[in-house]
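> Take this structure, written in structure tokens, and hold onto it; I'll ask about it next.
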Amino acid sequence: MLRGMITTGAVMGVAAVALGMVLTPGPNMIYLVSRSIAHGRGAGLVSLSGVAVGFLIYLTAANLGLSAVFTLVPEVYLAVKLAGAGYLGWLAWKALKPGGVSVFAPRELPRDSNRRLFTMGLLTCLLNPKIAIMYLSLIPQFVDLDRGHVLVQGFLLGGVQVVVGVGVNGLFVLAAGAISVFLARRPGWLRVQRYVMGTVLGALAIRLATDTSR
């Protein structure tokens with residue numbers, strides 16, 4: 001029954017876009033990689049669990065009508081959008097400013113408790129505008145009204161994004177240390193990675209802040 005609610009094309013479409021978004025440098029990746037490099041894979045995985053819960057919160061809120069709230073009260077959506085754009089802009093500046101540091105560069109960070117790691121992972125996800133866009137704009141396009149059970153379709157398609165997002169971020173957590181060592185031996189690559197990430201984040205911030213679509 002559930003298999004007939006969503007098509008293979010819808011699943012593949014959501015998975016492809018989710019993969020593209022999770023591979024784009026953003027707050028989740030930066031936070032998870034920095035914690036994994038500074039304090040090991042365990043800290044990264046605890047942080048990832050907070051990110052995963054953030055995915056589920058957005059998924060549930062979107063399916064239960066958050067998109068309707070944003071439509072009826074556009075000022076709320078504008079505030080969330082501008083906050084997200086500001087956050088992305090701040091991350092871009094940190095990467096591009098003179099003396100900026102690559103996300104993969106080893107550095108000292110205060111050791112946090114598992115509870116704080118989880119909470120910060122959750123908040124980082126909830127403040128990530130890419131996730132809000134995913135649930136509020138993309139997934140509804142793959143819902144087929146003729147198949148019925150719209151709410152179930154939304155949760156199933158959102159589940160595809162959760163699996164892709166958690167899986168790919170988990171790979172970054174597990175590989176962050178090895179990537180950091182590889183890049184540390186090649187300072188030029190670290191600079192390139194920093195400039196590329198900063199440019200992408202800056203472009204996303206500008207696009208999000210200037211987007212007039214609803």
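Labels for the structure tokens follow display order: chains A, B, ..., residues from 1 in each chain, ligands from 1.
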What's around range 26-40 of chain A at 6 Å? Count only C-alpha atoms, leave out sequence neighbours fewer than 2 positions away in its own chain, and write the answer as a PyMOL selection string.

chain A and resi 42-44+173+176-177

> Considering only C-alpha atoms, return as a PyMOL selection string whatever protein or nucleic-acid residues lie within 12 Å of Val17 in chain A, sequence-local ones (same chain, fewer than 4 positions apart) excluded.

chain A and resi 10-13+21-24+130-131+133-135+137-139+142+157-158+160-161+164-165

> To one decimal place, how far is CA of Leu59 in chain A from CA of Phe155 in chain A in Å?

6.9 Å

> Please measure the separation of CA of Thr199 in chain A and CA of Leu82 in chain A, giving the value in Å to one decimal.

18.4 Å

> Between A:Leu45, A:Ala205, A:Val200, A:Val14, single out the one closest to Leu117 in chain A, counting only C-alpha atoms.

A:Leu45

> So which one's closest to Thr124 in chain A, A:Asn169, A:Thr7, A:Ser47, A:Thr210? Using only C-alpha atoms, please.

A:Ser47

> Could you tell me how far CA of Leu126 in chain A lies from CA of Tyr58 in chain A, in Å and to one decimal?

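Value for the CA of Leu126 in chain A-CA of Tyr58 in chain A distance: 7.5 Å.
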
> Find, counting only C-alpha atoms, the residue in A:Val143, A:Gly89, A:Leu48, A:Arg191 that gets nearest to Arg207 in chain A.

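Of all the options, A:Gly89 lies closest to Arg207 in chain A.
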
> Between A:Ala52, A:Val163, A:Ala16, A:Ile206, single out the one closest to Leu123 in chain A, counting only C-alpha atoms.

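Of A:Ala52, A:Val163, A:Ala16, A:Ile206, the one nearest Leu123 in chain A, counting only C-alpha atoms, is A:Ala52.
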